[in-house]
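Asker: Structure incoming, see below.
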Amino acid sequence: MGVLSEGLTQFLIPVSALIGIGFALLQWFLVSRVRVSVSDHPDANNGYRKILIGDAELENGVQSVEVINKCAEIQHAISVGATSFLFTEYRYLTIFMGVFGAIIFLFLGSVKGFSTQSEPCTYNEGNMCKPALANAVFSTVAFLLGALTSVLSGFLGMKIATYANARTTLEARKGIGKAFVTAFRSGAVMGFLLSANGLLVLYIAINLFKLYYGDDWEGLYESITGYGLGGSSMALFGRVGGGIYTKAADVGADLVGKVEHNIPEDDPRNPAVIADNVGDNVGDIAGMGSDLFGSYAESSCAALFVASVSSFGTNHDYTAMSYPLIISSMGIVVCLITTLFATDLFEIKNVSQIEPSLKRQLLISTILMTAGIAIVSFTALPSEFTLYNFGADKVVKNWHLFFCVAIGLWAGLVIGYITEYFTSNAYSPVQDVADSCRTGAATNVIFGLALGYKSVIIPIFAIAVAIYVSFSLAAMYGIAVAALGMLSTIATSLAIDAYGPISDNAGGIAEMAGMRHEIRERTDALDAAGNTTAAIGKGFAIGSAALVSLALFGAYVSRAGVKAVNVMTPKVFIGLIVGAMLPYWFSAMTMKSVGSAALKMVEEVRRQFNTIPGLLEGRAKPDYANCVKISTDASLKEMIPPGALVLLTPLIAGTFFGVETLAGVLAGSLVSGVQVAISASNTGGAWDNAKKYIEAGTTPHAVALGPKGSDAHKAAVIGDTVGDPLKDTSGPSLNILIKLMAVESLVFAPFFAAHGGLIFKLL
């Protein structure tokens, strides 16, 4: 037994989750102190709403209430657009949750013909476990809990982001430091709410399920895997739907506005500008929140399942069993301390300090978390124990697990820093891409693709080292906790990630409200750093997805009773090659969806410029609502086929071709999906920042390529537009593809093991 008692563990986990929620509310309160007063400004419903009124600051020499009211009006439009889209999306997802919940129940219940008789345990031989029907019921409940928590995570994140964007704009009038703190605090609200909610709901679910399962921990933690499936299935639709929405608007706004009419980004004359800003919130905030919550839920579920069939589970050592949850609890405390470094201990005084401050967040949280992992490993775990290793027992010491979690954590930092090197315009890779714009869009596209492929190398080596070390030390459990290690600082990672879209929106609001040039420069500087941090966030999500899906793969192979996955057998190899193709099929679907939605958007924006008199001169207002409707309709219609591909593949492969072929499919999709996802995300991020590098004109090299509207700048805009669906739709969605297929296979493994492989049985 470890030093921590069961009672203390039962106390510490919920308390740390509540501390996280409390800290999030404190940050929200501090952001809300950017002054708000009531103005009799009627909204669409002839009611009255709050208008943001900044402190008595001078705007072009006078107190410009008009500009501030304009900020509030734009913020309101963005918030209404994002909320209505998410509510419409969630209506569709409610139907999906009901249907898929029923599928889980029917498939798992039919394993033993809906029997209510207790049955011998699969792993803990000689003992009796609860019936398969109980597993069906509780897996369905866990699925619904995970789905609801995922939806809540995304929705809260979006609400906070739309609350904070105009406040960041108003604070930018007082200086870069104030604006940075407002944007970062808002990101922290999302980060802490999500990580604490995920932990608390999982903790409560385990304790409630235990009332029925009692000593049957094997059945308990097998049914808990539904929580991860629920989280990731919602994340898939959130990521794909949100990604199509945001990029249809972005591509339409850029091509017609910047390239054809040479008007600035976020110009209020552009009909697609509100849809573009709404998209930042539904794609990069709500989608990313659900995605990282899904990763967290799945890595926790994978670790808990493997532990339940090891000595932790058979000996009923609650504290050691809760090791994944205690790591997450420690992560919340560490991230809380780390956040103070950005908001209270170091003040940002100029633009050049923004990116280093965000990078410092990653480094500080990683160093502190390493110490935290050591404390948890030596207090929660026995000095020696056995872990399940494909039918055998592996003897492991507590310091082995410390190294497993730590290597996952540090691999995450390496991936984050490498991603930053390849996507930040402070370094040569992006500057080379910008330089290639001198000779047109074609060379820009070639350089950008090459950069993306090259950026895969070091992250893959980092993941490979993490896998080898953690598996050697602690078998599949080692890989599961390495994934948890990478996600242990999720609150900080999410704060950094959410900061980007909030800053992007703040810049858009400053432009649309007609604020002075230096304020737009400040928000642009925040946004450029935000682009890089968004790429870092995607790097974390993809790296952790690789480890999570491998851990889930191991749990699936164990649960399905596959003794060995032999690539030389035809059953496995056909699965492998089909699985490797799936990320390309999925990417083709999502890219084409963005393309066709963007086509409609471009036609609508052109139509408005051609038919609304005085629009280009600024005398008439564009029809923003029509563009918002195009994005909404397109994303809701187009998110269904990619979602169906991901969710139906394991069911079809497992039912018709059996557990071995499905193992091949999972391995193939993991190996190819990680490469495609990293290269797509980094290519898109590099093109975006190459364009911003030219626009900012902060170095002699950038000045030579600029200004806005030059041939080199137009080539950069085309590169950025091509990269938009890569970095914000296809790339980030792929990590959900590999995780979701693995967790779905694990949940349905009992059914596939009992009834799968229909085609091979007939042959």
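Residue numbering restarts at 1 for every chain of the structure tokens, chains are lettered A, B, ... in their displayed order, and ligands are numbered from 1 as they appear.
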Compile a residue-level contact table for segment 159-242 of chain A against segment 546-558 of chain A at a cut-off of 12 Å, reporting for every qualifying residue the shortest atom pair and its distance in Å to one decimal, with only C-alpha atoms counted, rows ordered by chain and ascending number, as a tab-separated table.
Answerer:
residue	atom	partner	partner_atom	distance
A:Tyr221	CA	A:Ala555	CA	11.6
A:Glu222	CA	A:Ala555	CA	9.9
A:Thr225	CA	A:Leu552	CA	9.6
A:Gly228	CA	A:Leu552	CA	10.3
A:Leu229	CA	A:Leu552	CA	11.0
A:Ser232	CA	A:Ser549	CA	11.6
Asker: So how far away is atom CA of Gly508 of chain A from atom CA of Pro268 of chain A, in Å?
Answerer: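 Atom CA of Gly508 of chain A lies at a distance of 8.9 Å from atom CA of Pro268 of chain A.
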Asker: Residues of segment 624-707 of chain A within 12 Å of segment 107-118 of chain A: nearest atom pair and distance (Å, one decimal) for each, counting only C-alpha atoms, sorted by chain and number, as a tab-separated table?
Answerer:
residue	atom	partner	partner_atom	distance
A:Leu651	CA	A:Phe107	CA	10.0
A:Gly654	CA	A:Phe107	CA	11.8
A:Thr655	CA	A:Phe107	CA	10.3
Asker: Could you give me, as a PyMOL selection string, the residues within 12 Å of Ala196 of chain A, counting only C-alpha atoms and dropping anything in the same chain fewer than 2 positions from it?
Answerer: chain A and resi 13-25+149+153+188-194+198-203+293+296-297+325+328-333+335-336+488-491
Asker: Just want the 9 Å neighbourhood of Ile348 of chain A, counted on only C-alpha atoms, with same-chain residues fewer than 3 positions away dropped. Output as a PyMOL selection string.
Answerer: chain A and resi 176-178+180-181+342+351-354+357
Asker: Excluding segment 377-381 of chain A and its own-chain neighbours fewer than 3 positions away, which residues fall within 6 Å of it when counting only C-alpha atoms? Please give them as an MDAnalysis selection string.
Answerer: chainID A and resid 2:4 319:320 373:374 398 402
Asker: Selection from above, C-alpha atoms, as a PDB file, in the first residue's frame, can you write it?
Answerer:
ATOM      1  CA  GLY A   2       1.083   3.586  -0.636  1.00  0.00           C
ATOM      2  CA  VAL A   3       1.326   6.325   1.996  1.00  0.00           C
ATOM      3  CA  LEU A   4      -1.999   7.947   1.005  1.00  0.00           C
ATOM      4  CA  THR A 319      -5.523   4.810  -3.860  1.00  0.00           C
ATOM      5  CA  ALA A 320      -3.231   3.060  -6.361  1.00  0.00           C
ATOM      6  CA  ILE A 373       4.384  13.447 -10.380  1.00  0.00           C
ATOM      7  CA  ALA A 374       7.240  12.341  -8.104  1.00  0.00           C
ATOM      8  CA  ASN A 398       6.644   2.937  -8.200  1.00  0.00           C
ATOM      9  CA  PHE A 402       7.148   8.147 -12.260  1.00  0.00           C
TER      10      PHE A 402
END
Asker: Run DSSP on the backbone and tell me which residues of segment 55-161 of chain A come out as helix (DSSP H, G or I); list them as a count of residues only.
Answerer: 78
Asker: Do you have the atom CA of Ser139 of chain A-atom CA of Pro120 of chain A distance handy?
Answerer: 19.1 Å
Asker: Tell me, as a PyMOL selection string, which residues lie within 7 Å of Ala483 of chain A, counting only C-alpha atoms; anything in the same chain fewer than 4 positions away does not count.
Answerer: chain A and resi 299+408+479+487+544+547-548
Asker: Write out, as a PDB file, in the first residue's frame, the residues just selected, with N, CA, C and O atoms.
Answerer:
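part04.pdb was written with the following content:
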ATOM      1  N   SER A 299      -7.675   8.838 -21.917  1.00  0.00           N
ATOM      2  CA  SER A 299      -6.428   8.373 -21.290  1.00  0.00           C
ATOM      3  C   SER A 299      -6.703   7.911 -19.862  1.00  0.00           C
ATOM      4  O   SER A 299      -6.152   6.904 -19.404  1.00  0.00           O
ATOM      5  N   GLY A 408       6.079  11.171 -20.753  1.00  0.00           N
ATOM      6  CA  GLY A 408       4.941  11.689 -21.527  1.00  0.00           C
ATOM      7  C   GLY A 408       4.859  13.198 -21.425  1.00  0.00           C
ATOM      8  O   GLY A 408       4.662  13.907 -22.419  1.00  0.00           O
ATOM      9  N   ILE A 479       2.029   3.249 -21.048  1.00  0.00           N
ATOM     10  CA  ILE A 479       1.671   4.134 -22.169  1.00  0.00           C
ATOM     11  C   ILE A 479       0.452   4.987 -21.810  1.00  0.00           C
ATOM     12  O   ILE A 479       0.396   6.174 -22.122  1.00  0.00           O
ATOM     13  N   LEU A 487      -1.089  15.135 -20.815  1.00  0.00           N
ATOM     14  CA  LEU A 487      -2.315  15.921 -20.620  1.00  0.00           C
ATOM     15  C   LEU A 487      -2.463  16.456 -19.197  1.00  0.00           C
ATOM     16  O   LEU A 487      -3.455  17.090 -18.882  1.00  0.00           O
ATOM     17  N   SER A 544      -0.771  13.630 -27.750  1.00  0.00           N
ATOM     18  CA  SER A 544      -1.466  12.865 -26.699  1.00  0.00           C
ATOM     19  C   SER A 544      -2.421  11.853 -27.329  1.00  0.00           C
ATOM     20  O   SER A 544      -2.590  10.752 -26.808  1.00  0.00           O
ATOM     21  N   LEU A 547      -0.564   8.609 -28.098  1.00  0.00           N
ATOM     22  CA  LEU A 547      -0.335   7.772 -26.914  1.00  0.00           C
ATOM     23  C   LEU A 547      -1.644   7.186 -26.381  1.00  0.00           C
ATOM     24  O   LEU A 547      -1.710   6.016 -26.008  1.00  0.00           O
ATOM     25  N   VAL A 548      -2.692   8.034 -26.362  1.00  0.00           N
ATOM     26  CA  VAL A 548      -3.990   7.569 -25.850  1.00  0.00           C
ATOM     27  C   VAL A 548      -4.503   6.415 -26.699  1.00  0.00           C
ATOM     28  O   VAL A 548      -4.946   5.384 -26.173  1.00  0.00           O
TER      29      VAL A 548
END
Asker: Tell me, in Å to one decimal, how far atom CA of His755 of chain A is from atom CA of Gly561 of chain A.
Answerer: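 According to the coordinates, atom CA of His755 of chain A and atom CA of Gly561 of chain A are separated by 12.9 Å.
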Asker: Can you pull out every residue within 6 Å of segment 435-443 of chain A, counting only C-alpha atoms, but drop anything in the same chain fewer than 2 positions away, and send it as a list of chain:residue names?
Answerer: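 The residues that qualify are A:Asp432, A:Val433, A:Val445, A:Ile446, A:Ala712, A:Ala715, A:Ala716.
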Asker: Quick one: write out the picked residues with N, CA and C atoms as a short mmCIF file (atom, residue, chain, number, x, y, z; two decimals), in the first residue's frame?
Answerer:
data_model
loop_
_atom_site.label_atom_id
_atom_site.label_comp_id
_atom_site.auth_asym_id
_atom_site.auth_seq_id
_atom_site.Cartn_x
_atom_site.Cartn_y
_atom_site.Cartn_z
N ASP A 432 11.34 31.64 -44.30
CA ASP A 432 11.65 31.10 -45.63
C ASP A 432 10.38 30.97 -46.47
N VAL A 433 9.30 30.53 -45.82
CA VAL A 433 8.02 30.43 -46.54
C VAL A 433 7.57 31.81 -47.00
N VAL A 445 3.22 27.65 -51.78
CA VAL A 445 2.55 26.38 -51.49
C VAL A 445 3.58 25.26 -51.38
N ILE A 446 4.56 25.24 -52.29
CA ILE A 446 5.59 24.19 -52.28
C ILE A 446 6.40 24.25 -50.98
N ALA A 712 3.63 39.90 -53.24
CA ALA A 712 4.09 38.88 -52.28
C ALA A 712 3.02 38.65 -51.22
N ALA A 715 0.21 36.55 -52.61
CA ALA A 715 0.64 35.14 -52.67
C ALA A 715 0.54 34.50 -51.28
N ALA A 716 0.92 35.28 -50.25
CA ALA A 716 0.86 34.78 -48.87
C ALA A 716 -0.58 34.54 -48.44
#
Asker: Closest to Ala275 of chain A among A:Trp410, A:Tyr624, A:Tyr163, A:Phe461, using only C-alpha atoms?
Answerer: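 Selected residue with least distance to Ala275 of chain A: A:Tyr624.
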